[in-house]
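Enquirer: Dumping the structure here so I can ask a few things about it.
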Amino acid sequence: IFLLQEKIQKDSLRPEAVRYLERLIKLGRRNGLHLPKDTQEKIKSIKKKLSLLCIDFNKNLNEDTTFLPLTREELGGLPEDFLNSLEKAGDDKLKVTLKYPHYFPLLKKCHVPETRRKVEEAFNCRCKQENCAILRELVTLRAQKSSLLGFSTHADYVLEMNMAKSSQVVATFLDELAQKLKPLGEQERAVILELKKAECEKRGLDFDGRINAWDMRYYMNQVEETRYSVDQNLLKEYFPMQVVTKGLLSIYQELLGLTFNLEENATVWHEDVKLYCVRDSASGKVIGKFYLDLYPREGKYGHAACFGLQPGCLRQDGSRQIAIAAMVANFTKPTPDAPSLLQHDEVETYFHEFGHVMHQLCSQAEFAMFSGTHVERDFVEAPSQMLENWVWEKEPLLRMSQHYRTGDTIPQELLDKLIKSRQANTGLFNLRQIVLAKVDQALHTQTSADPAEEYARLCQEILGVPATPGTNMPATFGHLAGGYDAQYYGYLWSEVYSMDMFHTRFKQEGVLNGKVGMDYRSCILRPGGSQDASVMLKLFLGRDPKQDAFLLSKGLQVDSSEPPAC
Ligand SMILES: [Zn+2]
């Protein structure tokens, strides 16, 4: 292929073909094809080991069966239906596992601090021995491989393919953001400490004057309930699945100039699954199909995701192969007396994942390599994150909701509270994201860093809440072995662009404005990965992207006195 590059005259190729050729060469180099045979063999064997280690790391976590036997008294504060769902552990004790559906409600709701302490400690000690050893081997091997390929760190190897380009850029991004969020974090910690003091007095507990790791979620939840008082159980009665789906699909169709048709009697893998055909409304041409597989069932993938099933690209004869994607989720199932009622965060997930579906379907790349969501990894979430904004805006919310029994619209007061609650705990939540991103960067830039020590240091320094002694959170951090190595920062990074796109265009010109929607479709979704994200953004925004909207969304002031960059 190197020879081909020399022989071919670039101007005889279409721009996307030039990009394709350049990408192939880059990927070849990133696999060491230009290096001596024995180096190539070394790289190959490292890659093989790495993939096995990653599988083991996550398998250990998935198969962890640790549970804590606890009495009803020790589980004080948890609702009756939660307690009733727990298995008995002999005597009068109940089994609390460390799986999400047990861990999160307990940390949020249990008012016995000693119980929260025990459970938080056990949660962050999962697979400590085995995964600690695996993690060490992972970061060492990754550093070795990257060094053989001529990179000074694994982070730099990974980031070369991303918008950020280097570990230095990521470090600056995270440090600056941490600095800006610091005062907000301090305010939120002060509020939480007050709540804790009051609670200790009320329950006759010793007040230790500080926030512990096992206090965080408990008091963050109290902030949501007391300061923003959104009644999630009442709210969900306005989000029956049928109404949400109808509203969501109609918003997407209007916004992007598309027409969806349910295919009756389609061949599907389960009776819950629906298949839709998607046409461009203007031309009537079929551009793709998508499946919706929304409810949990045994043996099904447990998270929410969008899977590309067939890439949209050109065939050899020049005709276009349509894109096909499936959205998979595990939303609350209907019961005999109520339809499926979605929590607001489920509606948000629905909007987010469906955003990925639209990215898959609307892209018109020529090569499969650039189809749909094959964009820079630190940009891939931006389109979907942007679409999450629709579930925090009045007009779209009203279109997706209706009380499941009375048919009433959401009361104005509840709607206002909901929209306001988006600001709850933003400081602490985002500082924690920065801690995780920085641990990930540290491990992939300095191989000698001790994961648990590094995590503890960053928690104290950035979050202002110490890690529990003896725990090892990084050994439970699945992303480190799940394809996010050196890329966890991407969640925050892509939010800069999602917020900029939303506030600069949609918020100004209307969240249901079809003209902006079409611009969005043609500038951001249509190219797939056939253009750099920075080029697409500039086209859509009419200028280079900036951080202002992102910072404002985090509750920060933006200093507009800075001279504009030229
Ligand atoms: Zn996503």
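Labels used: A, B, ... for chains in the order of the structure tokens, numbers from 1 for residues in each chain, and numbers from 1 for ligands as shown.
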Counting only C-alpha atoms, what is within 9 Å of Phe502 of chain A, bar same-chain residues fewer than 2 positions away, as a list in words?

Expert: Met386, Leu387, Asn389, Tyr497, Ser498, Met499, Asp500, Thr504, Arg505, Phe506, Lys507, Gln508, Val511 and Ala549 of chain A

Enquirer: So that I have them on file, write out the residues from the current selection with N, CA, C and O atoms, as a PDB file, in the first residue's frame.

Expert:
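Resulting contents of selection31.pdb:
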ATOM      1  N   MET A 386     -25.885  16.061  22.501  1.00  0.00           N
ATOM      2  CA  MET A 386     -26.614  17.262  22.134  1.00  0.00           C
ATOM      3  C   MET A 386     -28.123  17.009  22.188  1.00  0.00           C
ATOM      4  O   MET A 386     -28.894  17.825  22.664  1.00  0.00           O
ATOM      5  N   LEU A 387     -28.531  15.837  21.688  1.00  0.00           N
ATOM      6  CA  LEU A 387     -29.953  15.540  21.627  1.00  0.00           C
ATOM      7  C   LEU A 387     -30.570  15.303  23.004  1.00  0.00           C
ATOM      8  O   LEU A 387     -31.782  15.404  23.166  1.00  0.00           O
ATOM      9  N   ASN A 389     -30.471  17.319  25.256  1.00  0.00           N
ATOM     10  CA  ASN A 389     -31.031  18.615  25.663  1.00  0.00           C
ATOM     11  C   ASN A 389     -32.533  18.699  25.450  1.00  0.00           C
ATOM     12  O   ASN A 389     -33.208  19.463  26.118  1.00  0.00           O
ATOM     13  N   TYR A 497     -18.611  20.286  22.676  1.00  0.00           N
ATOM     14  CA  TYR A 497     -19.147  20.467  21.323  1.00  0.00           C
ATOM     15  C   TYR A 497     -20.657  20.293  21.296  1.00  0.00           C
ATOM     16  O   TYR A 497     -21.357  20.999  20.580  1.00  0.00           O
ATOM     17  N   SER A 498     -21.172  19.351  22.106  1.00  0.00           N
ATOM     18  CA  SER A 498     -22.620  19.151  22.097  1.00  0.00           C
ATOM     19  C   SER A 498     -23.318  20.407  22.618  1.00  0.00           C
ATOM     20  O   SER A 498     -24.329  20.837  22.066  1.00  0.00           O
ATOM     21  N   MET A 499     -22.768  21.004  23.659  1.00  0.00           N
ATOM     22  CA  MET A 499     -23.389  22.202  24.230  1.00  0.00           C
ATOM     23  C   MET A 499     -23.246  23.401  23.298  1.00  0.00           C
ATOM     24  O   MET A 499     -24.157  24.215  23.170  1.00  0.00           O
ATOM     25  N   ASP A 500     -22.090  23.502  22.652  1.00  0.00           N
ATOM     26  CA  ASP A 500     -21.870  24.600  21.709  1.00  0.00           C
ATOM     27  C   ASP A 500     -22.884  24.507  20.557  1.00  0.00           C
ATOM     28  O   ASP A 500     -23.546  25.485  20.202  1.00  0.00           O
ATOM     29  N   THR A 504     -25.678  27.422  20.363  1.00  0.00           N
ATOM     30  CA  THR A 504     -25.413  28.362  19.282  1.00  0.00           C
ATOM     31  C   THR A 504     -26.488  28.315  18.209  1.00  0.00           C
ATOM     32  O   THR A 504     -26.871  29.335  17.654  1.00  0.00           O
ATOM     33  N   ARG A 505     -26.999  27.131  17.930  1.00  0.00           N
ATOM     34  CA  ARG A 505     -27.981  27.031  16.859  1.00  0.00           C
ATOM     35  C   ARG A 505     -29.407  26.757  17.366  1.00  0.00           C
ATOM     36  O   ARG A 505     -30.291  27.578  17.223  1.00  0.00           O
ATOM     37  N   PHE A 506     -29.619  25.597  17.974  1.00  0.00           N
ATOM     38  CA  PHE A 506     -30.995  25.204  18.307  1.00  0.00           C
ATOM     39  C   PHE A 506     -31.645  26.126  19.334  1.00  0.00           C
ATOM     40  O   PHE A 506     -32.790  26.532  19.180  1.00  0.00           O
ATOM     41  N   LYS A 507     -30.901  26.444  20.393  1.00  0.00           N
ATOM     42  CA  LYS A 507     -31.479  27.276  21.452  1.00  0.00           C
ATOM     43  C   LYS A 507     -31.823  28.666  20.896  1.00  0.00           C
ATOM     44  O   LYS A 507     -32.834  29.256  21.268  1.00  0.00           O
ATOM     45  N   GLN A 508     -31.004  29.170  19.966  1.00  0.00           N
ATOM     46  CA  GLN A 508     -31.253  30.479  19.359  1.00  0.00           C
ATOM     47  C   GLN A 508     -32.402  30.433  18.359  1.00  0.00           C
ATOM     48  O   GLN A 508     -33.275  31.285  18.361  1.00  0.00           O
ATOM     49  N   VAL A 511     -35.752  24.870  19.223  1.00  0.00           N
ATOM     50  CA  VAL A 511     -35.369  23.465  19.388  1.00  0.00           C
ATOM     51  C   VAL A 511     -36.140  22.552  18.443  1.00  0.00           C
ATOM     52  O   VAL A 511     -35.770  21.403  18.240  1.00  0.00           O
ATOM     53  N   ALA A 549     -20.658  27.722  26.164  1.00  0.00           N
ATOM     54  CA  ALA A 549     -21.955  27.084  26.444  1.00  0.00           C
ATOM     55  C   ALA A 549     -21.773  25.919  27.414  1.00  0.00           C
ATOM     56  O   ALA A 549     -22.580  25.703  28.317  1.00  0.00           O
TER      57      ALA A 549
END

Enquirer: Produce as number ranges by chain the set of residues near ligand 1, where near means within 7 Å with only C-alpha atoms and all ligand atoms considered.

Expert: A: 305, 352-353, 356, 381, 384

Enquirer: Would you pick out the contacts of Val347 of chain A at 12 Å or less, using only C-alpha atoms, so that residues sharing its chain but fewer than 3 positions from it are not included, and give the list as an mmCIF file with C-alpha atoms, in the first residue's frame?

Expert:
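Listed below is the output, selection.cif:
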data_model
loop_
_atom_site.group_PDB
_atom_site.id
_atom_site.type_symbol
_atom_site.label_atom_id
_atom_site.label_comp_id
_atom_site.auth_asym_id
_atom_site.auth_seq_id
_atom_site.Cartn_x
_atom_site.Cartn_y
_atom_site.Cartn_z
ATOM 1 C CA LEU A 235 -43.196 12.381 37.190
ATOM 2 C CA LYS A 236 -42.919 8.962 35.585
ATOM 3 C CA TYR A 238 -46.509 11.254 32.643
ATOM 4 C CA PHE A 239 -44.042 9.210 30.617
ATOM 5 C CA PRO A 240 -45.789 6.067 29.389
ATOM 6 C CA MET A 241 -43.610 4.311 26.822
ATOM 7 C CA GLN A 242 -46.184 4.653 24.000
ATOM 8 C CA VAL A 243 -46.478 8.407 24.405
ATOM 9 C CA VAL A 244 -42.721 8.931 24.767
ATOM 10 C CA THR A 245 -41.973 6.810 21.704
ATOM 11 C CA GLY A 247 -43.331 12.022 20.683
ATOM 12 C CA LEU A 248 -39.677 11.130 20.270
ATOM 13 C CA LEU A 294 -36.475 -1.681 24.402
ATOM 14 C CA ALA A 304 -28.433 0.732 26.621
ATOM 15 C CA ALA A 329 -32.242 -0.791 25.986
ATOM 16 C CA ASN A 330 -33.708 -2.186 29.181
ATOM 17 C CA PHE A 331 -36.542 0.125 30.075
ATOM 18 C CA THR A 332 -39.142 -0.536 32.739
ATOM 19 C CA SER A 340 -44.339 0.842 30.955
ATOM 20 C CA LEU A 341 -43.706 4.156 32.716
ATOM 21 C CA LEU A 342 -40.295 5.728 32.126
ATOM 22 C CA GLN A 343 -38.187 7.555 34.668
ATOM 23 C CA HIS A 344 -37.014 10.883 33.346
ATOM 24 C CA TYR A 350 -33.855 6.934 24.954
ATOM 25 C CA PHE A 351 -33.091 10.286 23.312
ATOM 26 C CA HIS A 352 -29.362 9.728 23.603
ATOM 27 C CA GLU A 353 -29.264 6.255 22.067
ATOM 28 C CA PHE A 354 -31.695 7.203 19.341
ATOM 29 C CA LEU A 387 -29.953 15.540 21.627
ATOM 30 C CA GLU A 388 -30.250 14.898 25.382
ATOM 31 C CA ASN A 389 -31.031 18.615 25.663
ATOM 32 C CA TRP A 390 -34.494 17.971 24.213
ATOM 33 C CA VAL A 391 -35.614 16.230 27.400
ATOM 34 C CA TRP A 392 -34.785 19.369 29.398
ATOM 35 C CA PRO A 396 -40.393 18.731 23.421
ATOM 36 C CA LEU A 397 -41.182 17.499 26.947
ATOM 37 C CA MET A 400 -43.510 13.338 24.800
ATOM 38 C CA SER A 401 -45.699 13.199 27.872
#

Enquirer: Find the residue from A:Asp317, A:Asp293, A:Glu74, A:Asp548 that sits nearest to Glu495 of chain A; use only C-alpha atoms when measuring.

Expert: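 Of the candidates, the smallest distance to Glu495 of chain A is held by A:Asp548.
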
Enquirer: Calculated over only C-alpha atoms, which of the candidates A:Val273, A:Ile322, A:Ala171, A:Ala133 has the smallest distance to Lys438 of chain A?

Expert: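 Under the stated criterion, the closest residue is A:Ala171.
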
Enquirer: Find the residue from A:Asp91, A:Glu80, A:Glu120, A:Asp280 that sits nearest to Met473 of chain A; use only C-alpha atoms when measuring.

Expert: A:Glu120

Enquirer: For Gln441 of chain A, which residue among A:Phe207, A:Tyr520, A:Phe173, A:Phe307 is the nearest when counting only C-alpha atoms?

Expert: A:Phe173

Enquirer: Using only C-alpha atoms, which of the listed residues (A:Ser530, A:Val96, A:Gly542, A:Leu13) sits closest to Asn84 of chain A?

Expert: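 Among A:Ser530, A:Val96, A:Gly542, A:Leu13, it is A:Val96 that comes nearest to Asn84 of chain A.
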
Enquirer: Using only C-alpha atoms, which residue out of A:Gly427, A:Arg521, A:Asp532, A:Pro474 lies closest to Gly185 of chain A?

Expert: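 Of the candidates, the smallest distance to Gly185 of chain A is held by A:Gly427.
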
Enquirer: So that I can check the secondary structure, give me every residue of segment 24-266 of chain A assigned strand (DSSP E or B) by backbone DSSP, as a list in words.

Expert: Phe67, Leu68, Pro69, Leu70, Thr71, Lys88, Lys93, Leu94, Lys95, Val96, Thr97, Pro240, Leu258, Thr259, Phe260, Asn261 and Leu262 of chain A

Enquirer: Please write the residues from the selection above to a file, keeping N, CA and C atoms, as an mmCIF file, in the first residue's frame.

Expert:
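Dumped everything to part-v9.cif:
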data_model
loop_
_atom_site.group_PDB
_atom_site.id
_atom_site.type_symbol
_atom_site.label_atom_id
_atom_site.label_comp_id
_atom_site.auth_asym_id
_atom_site.auth_seq_id
_atom_site.Cartn_x
_atom_site.Cartn_y
_atom_site.Cartn_z
ATOM 1 N N PHE A 67 -21.684 -10.688 48.490
ATOM 2 C CA PHE A 67 -22.876 -10.049 49.038
ATOM 3 C C PHE A 67 -22.661 -9.798 50.520
ATOM 4 N N LEU A 68 -23.433 -8.858 51.053
ATOM 5 C CA LEU A 68 -23.364 -8.571 52.482
ATOM 6 C C LEU A 68 -24.700 -8.936 53.113
ATOM 7 N N PRO A 69 -24.679 -9.779 54.169
ATOM 8 C CA PRO A 69 -25.924 -10.073 54.871
ATOM 9 C C PRO A 69 -26.237 -8.934 55.838
ATOM 10 N N LEU A 70 -27.413 -8.323 55.665
ATOM 11 C CA LEU A 70 -27.758 -7.157 56.490
ATOM 12 C C LEU A 70 -29.174 -7.282 57.032
ATOM 13 N N THR A 71 -29.400 -6.760 58.222
ATOM 14 C CA THR A 71 -30.740 -6.814 58.807
ATOM 15 C C THR A 71 -31.582 -5.660 58.269
ATOM 16 N N LYS A 88 -33.204 -13.887 51.039
ATOM 17 C CA LYS A 88 -32.894 -14.084 52.457
ATOM 18 C C LYS A 88 -31.498 -14.691 52.596
ATOM 19 N N LYS A 93 -31.530 -12.015 58.201
ATOM 20 C CA LYS A 93 -30.736 -11.114 57.353
ATOM 21 C C LYS A 93 -31.123 -11.210 55.874
ATOM 22 N N LEU A 94 -30.820 -10.116 55.161
ATOM 23 C CA LEU A 94 -31.120 -10.051 53.731
ATOM 24 C C LEU A 94 -29.817 -9.895 52.955
ATOM 25 N N LYS A 95 -29.806 -10.465 51.743
ATOM 26 C CA LYS A 95 -28.595 -10.424 50.924
ATOM 27 C C LYS A 95 -28.532 -9.151 50.086
ATOM 28 N N VAL A 96 -27.503 -8.348 50.290
ATOM 29 C CA VAL A 96 -27.283 -7.182 49.431
ATOM 30 C C VAL A 96 -26.051 -7.469 48.573
ATOM 31 N N THR A 97 -26.255 -7.546 47.259
ATOM 32 C CA THR A 97 -25.116 -7.804 46.368
ATOM 33 C C THR A 97 -24.471 -6.470 46.016
ATOM 34 N N PRO A 240 -45.572 7.444 29.848
ATOM 35 C CA PRO A 240 -45.789 6.067 29.389
ATOM 36 C C PRO A 240 -45.015 5.831 28.087
ATOM 37 N N LEU A 258 -37.177 13.527 8.026
ATOM 38 C CA LEU A 258 -37.251 12.093 7.742
ATOM 39 C C LEU A 258 -38.672 11.587 7.954
ATOM 40 N N THR A 259 -38.988 10.446 7.354
ATOM 41 C CA THR A 259 -40.272 9.790 7.584
ATOM 42 C C THR A 259 -40.017 8.353 8.021
ATOM 43 N N PHE A 260 -40.587 7.977 9.169
ATOM 44 C CA PHE A 260 -40.411 6.611 9.691
ATOM 45 C C PHE A 260 -41.696 5.822 9.448
ATOM 46 N N ASN A 261 -41.572 4.595 8.964
ATOM 47 C CA ASN A 261 -42.743 3.725 8.838
ATOM 48 C C ASN A 261 -42.491 2.394 9.522
ATOM 49 N N LEU A 262 -43.411 2.034 10.423
ATOM 50 C CA LEU A 262 -43.317 0.742 11.086
ATOM 51 C C LEU A 262 -43.530 -0.361 10.055
#

Enquirer: Based on the backbone DSSP call, show me all residues of segment 2-193 of chain A assigned helix (DSSP H, G or I), as JSON, numbers by chain.

Expert: {"A": [2, 3, 4, 5, 6, 7, 10, 11, 12, 15, 16, 17, 18, 19, 20, 21, 22, 23, 24, 25, 26, 27, 28, 29, 30, 37, 38, 39, 40, 41, 42, 43, 44, 45, 46, 47, 48, 49, 50, 51, 52, 53, 54, 55, 56, 57, 58, 59, 60, 61, 62, 80, 81, 82, 83, 84, 100, 101, 102, 103, 104, 105, 106, 107, 108, 109, 113, 114, 115, 116, 117, 118, 119, 120, 121, 122, 123, 128, 129, 130, 131, 132, 133, 134, 135, 136, 137, 138, 139, 140, 141, 142, 143, 144, 145, 146, 147, 148, 154, 155, 156, 157, 158, 159, 167, 168, 169, 170, 171, 172, 173, 174, 175, 176, 177, 178, 179, 180, 181, 182, 183, 184, 185, 186, 187, 188, 189, 190, 191, 192, 193]}

Enquirer: With only C-alpha atoms as the counted atoms, please give the residues lying no more than 9 Å from Met358 of chain A, apart from itself and same-chain residues fewer than 5 positions off, as a PyMOL selection string.

Expert: chain A and resi 252+256+325+353+363+372+521+525

Enquirer: Could you take the residues named above and write them with all heavy atoms, as a PDB file, in the first residue's frame?

Expert:
ATOM      1  N   TYR A 252     -37.916  13.667  16.046  1.00  0.00           N
ATOM      2  CA  TYR A 252     -36.782  13.341  15.183  1.00  0.00           C
ATOM      3  C   TYR A 252     -37.144  13.451  13.698  1.00  0.00           C
ATOM      4  O   TYR A 252     -36.349  13.921  12.893  1.00  0.00           O
ATOM      5  CB  TYR A 252     -36.252  11.932  15.493  1.00  0.00           C
ATOM      6  CG  TYR A 252     -35.162  11.908  16.551  1.00  0.00           C
ATOM      7  CD1 TYR A 252     -35.444  11.536  17.851  1.00  0.00           C
ATOM      8  CD2 TYR A 252     -33.853  12.263  16.245  1.00  0.00           C
ATOM      9  CE1 TYR A 252     -34.442  11.507  18.827  1.00  0.00           C
ATOM     10  CE2 TYR A 252     -32.852  12.234  17.207  1.00  0.00           C
ATOM     11  CZ  TYR A 252     -33.151  11.856  18.492  1.00  0.00           C
ATOM     12  OH  TYR A 252     -32.164  11.831  19.442  1.00  0.00           O
ATOM     13  N   LEU A 256     -35.227  16.308  11.439  1.00  0.00           N
ATOM     14  CA  LEU A 256     -34.222  15.868  10.463  1.00  0.00           C
ATOM     15  C   LEU A 256     -34.791  15.656   9.065  1.00  0.00           C
ATOM     16  O   LEU A 256     -34.089  15.194   8.173  1.00  0.00           O
ATOM     17  CB  LEU A 256     -33.541  14.578  10.961  1.00  0.00           C
ATOM     18  CG  LEU A 256     -32.815  14.716  12.316  1.00  0.00           C
ATOM     19  CD1 LEU A 256     -32.239  13.370  12.753  1.00  0.00           C
ATOM     20  CD2 LEU A 256     -31.702  15.756  12.259  1.00  0.00           C
ATOM     21  N   ALA A 325     -29.434  -0.200  11.807  1.00  0.00           N
ATOM     22  CA  ALA A 325     -28.942  -0.129  13.184  1.00  0.00           C
ATOM     23  C   ALA A 325     -30.012  -0.626  14.138  1.00  0.00           C
ATOM     24  O   ALA A 325     -31.196  -0.658  13.805  1.00  0.00           O
ATOM     25  CB  ALA A 325     -28.567   1.303  13.535  1.00  0.00           C
ATOM     26  N   GLU A 353     -29.571   7.406  22.926  1.00  0.00           N
ATOM     27  CA  GLU A 353     -29.264   6.255  22.067  1.00  0.00           C
ATOM     28  C   GLU A 353     -29.889   6.418  20.684  1.00  0.00           C
ATOM     29  O   GLU A 353     -29.299   6.026  19.678  1.00  0.00           O
ATOM     30  CB  GLU A 353     -29.735   4.946  22.709  1.00  0.00           C
ATOM     31  CG  GLU A 353     -29.063   4.600  24.033  1.00  0.00           C
ATOM     32  CD  GLU A 353     -27.541   4.569  23.984  1.00  0.00           C
ATOM     33  OE1 GLU A 353     -26.961   4.395  22.889  1.00  0.00           O
ATOM     34  OE2 GLU A 353     -26.918   4.746  25.050  1.00  0.00           O
ATOM     35  N   SER A 363     -25.733   9.182   7.842  1.00  0.00           N
ATOM     36  CA  SER A 363     -24.432   9.388   7.211  1.00  0.00           C
ATOM     37  C   SER A 363     -24.450   8.840   5.787  1.00  0.00           C
ATOM     38  O   SER A 363     -25.082   7.839   5.498  1.00  0.00           O
ATOM     39  CB  SER A 363     -23.331   8.736   8.046  1.00  0.00           C
ATOM     40  OG  SER A 363     -22.769   7.641   7.370  1.00  0.00           O
ATOM     41  N   GLY A 372     -21.497   6.222   9.412  1.00  0.00           N
ATOM     42  CA  GLY A 372     -22.154   6.486  10.685  1.00  0.00           C
ATOM     43  C   GLY A 372     -21.277   7.060  11.774  1.00  0.00           C
ATOM     44  O   GLY A 372     -20.713   8.138  11.642  1.00  0.00           O
ATOM     45  N   ARG A 521     -28.260  17.855  10.184  1.00  0.00           N
ATOM     46  CA  ARG A 521     -28.181  16.586   9.455  1.00  0.00           C
ATOM     47  C   ARG A 521     -27.091  16.652   8.389  1.00  0.00           C
ATOM     48  O   ARG A 521     -26.295  15.729   8.228  1.00  0.00           O
ATOM     49  CB  ARG A 521     -29.538  16.258   8.830  1.00  0.00           C
ATOM     50  CG  ARG A 521     -29.577  14.931   8.111  1.00  0.00           C
ATOM     51  CD  ARG A 521     -30.975  14.627   7.566  1.00  0.00           C
ATOM     52  NE  ARG A 521     -30.894  13.770   6.395  1.00  0.00           N
ATOM     53  CZ  ARG A 521     -31.869  13.573   5.522  1.00  0.00           C
ATOM     54  NH1 ARG A 521     -33.041  14.183   5.701  1.00  0.00           N
ATOM     55  NH2 ARG A 521     -31.704  12.786   4.485  1.00  0.00           N
ATOM     56  N   LEU A 525     -24.203  15.001  10.683  1.00  0.00           N
ATOM     57  CA  LEU A 525     -24.520  13.576  10.548  1.00  0.00           C
ATOM     58  C   LEU A 525     -24.123  13.017   9.180  1.00  0.00           C
ATOM     59  O   LEU A 525     -23.628  11.900   9.075  1.00  0.00           O
ATOM     60  CB  LEU A 525     -26.017  13.335  10.780  1.00  0.00           C
ATOM     61  CG  LEU A 525     -26.562  13.771  12.143  1.00  0.00           C
ATOM     62  CD1 LEU A 525     -28.051  13.441  12.246  1.00  0.00           C
ATOM     63  CD2 LEU A 525     -25.797  13.094  13.282  1.00  0.00           C
TER      64      LEU A 525
END

Enquirer: One decimal, in Å: what's the spacing between atom CA of Arg320 of chain A and atom CA of Ile287 of chain A?

Expert: 9.1 Å

Enquirer: Pick out the residues sitting within 8 Å of Val230 of chain A, and hand them over as a VMD selection string; count only C-alpha atoms, and ignore anything fewer than 5 positions along from it in its own chain.

Expert: chain A and resid 224 to 225 235 414 417 to 418 421

Enquirer: Please write the residues from the selection above to a file, keeping C-alpha atoms, as a PDB file, in the first residue's frame.

Expert:
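After the write, selection-v7.pdb holds the following:
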ATOM      1  CA  GLU A 224     -32.080  16.683  44.753  1.00  0.00           C
ATOM      2  CA  GLU A 225     -35.028  15.835  46.976  1.00  0.00           C
ATOM      3  CA  LEU A 235     -43.196  12.381  37.190  1.00  0.00           C
ATOM      4  CA  LEU A 414     -43.469  19.988  38.160  1.00  0.00           C
ATOM      5  CA  LYS A 417     -38.816  21.960  38.992  1.00  0.00           C
ATOM      6  CA  LEU A 418     -37.605  19.247  36.663  1.00  0.00           C
ATOM      7  CA  SER A 421     -33.019  20.214  38.769  1.00  0.00           C
TER       8      SER A 421
END

Enquirer: Fewer than 6 positions away in the same chain doesn't count, so skip those; otherwise give me all residues within 10 Å of Cys132 of chain A, counting only C-alpha atoms, as a PyMOL selection string.

Expert: chain A and resi 57+138+450-452+472-476

Enquirer: Give me a file of those residues, with N, CA and C atoms, as a PDB file, in the first residue's frame.

Expert:
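So again03.pdb came out as:
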ATOM      1  N   PHE A  57     -10.393  -9.018  33.036  1.00  0.00           N
ATOM      2  CA  PHE A  57     -10.670  -7.906  33.955  1.00  0.00           C
ATOM      3  C   PHE A  57     -12.178  -7.703  34.103  1.00  0.00           C
ATOM      4  N   LEU A 138      -1.655  -4.713  32.245  1.00  0.00           N
ATOM      5  CA  LEU A 138      -2.251  -3.978  31.128  1.00  0.00           C
ATOM      6  C   LEU A 138      -1.477  -2.693  30.820  1.00  0.00           C
ATOM      7  N   ASP A 450       0.975   4.195  40.942  1.00  0.00           N
ATOM      8  CA  ASP A 450       0.183   3.177  41.629  1.00  0.00           C
ATOM      9  C   ASP A 450      -1.296   3.558  41.524  1.00  0.00           C
ATOM     10  N   PRO A 451      -2.122   2.689  40.918  1.00  0.00           N
ATOM     11  CA  PRO A 451      -3.517   3.081  40.635  1.00  0.00           C
ATOM     12  C   PRO A 451      -4.287   3.557  41.871  1.00  0.00           C
ATOM     13  N   ALA A 452      -4.238   2.783  42.953  1.00  0.00           N
ATOM     14  CA  ALA A 452      -5.029   3.146  44.136  1.00  0.00           C
ATOM     15  C   ALA A 452      -4.518   4.448  44.748  1.00  0.00           C
ATOM     16  N   ASN A 472      -9.750  -0.053  46.349  1.00  0.00           N
ATOM     17  CA  ASN A 472      -8.986   0.112  45.122  1.00  0.00           C
ATOM     18  C   ASN A 472      -9.955   0.303  43.958  1.00  0.00           C
ATOM     19  N   MET A 473     -10.470   1.520  43.841  1.00  0.00           N
ATOM     20  CA  MET A 473     -11.454   1.808  42.813  1.00  0.00           C
ATOM     21  C   MET A 473     -10.958   1.464  41.404  1.00  0.00           C
ATOM     22  N   PRO A 474      -9.712   1.808  41.039  1.00  0.00           N
ATOM     23  CA  PRO A 474      -9.283   1.502  39.664  1.00  0.00           C
ATOM     24  C   PRO A 474      -9.409   0.021  39.281  1.00  0.00           C
ATOM     25  N   ALA A 475      -9.303  -0.883  40.272  1.00  0.00           N
ATOM     26  CA  ALA A 475      -9.442  -2.313  39.970  1.00  0.00           C
ATOM     27  C   ALA A 475     -10.882  -2.663  39.587  1.00  0.00           C
ATOM     28  N   THR A 476     -11.834  -1.722  39.822  1.00  0.00           N
ATOM     29  CA  THR A 476     -13.236  -1.967  39.468  1.00  0.00           C
ATOM     30  C   THR A 476     -13.681  -1.110  38.283  1.00  0.00           C
TER      31      THR A 476
END

Enquirer: Using only C-alpha atoms, which protein or nucleic acid residues come within 10 Å of segment 553-558 of chain A? Drop anything in the same chain fewer than 4 positions from it, and give the result as a PyMOL selection string.

Expert: chain A and resi 180-181+183-184+422-427+429-430+495-496+499+503+547-549+562

Enquirer: Atom CA of Gln402 of chain A and atom CA of Ile419 of chain A are how many Å apart?

Expert: 17.0 Å
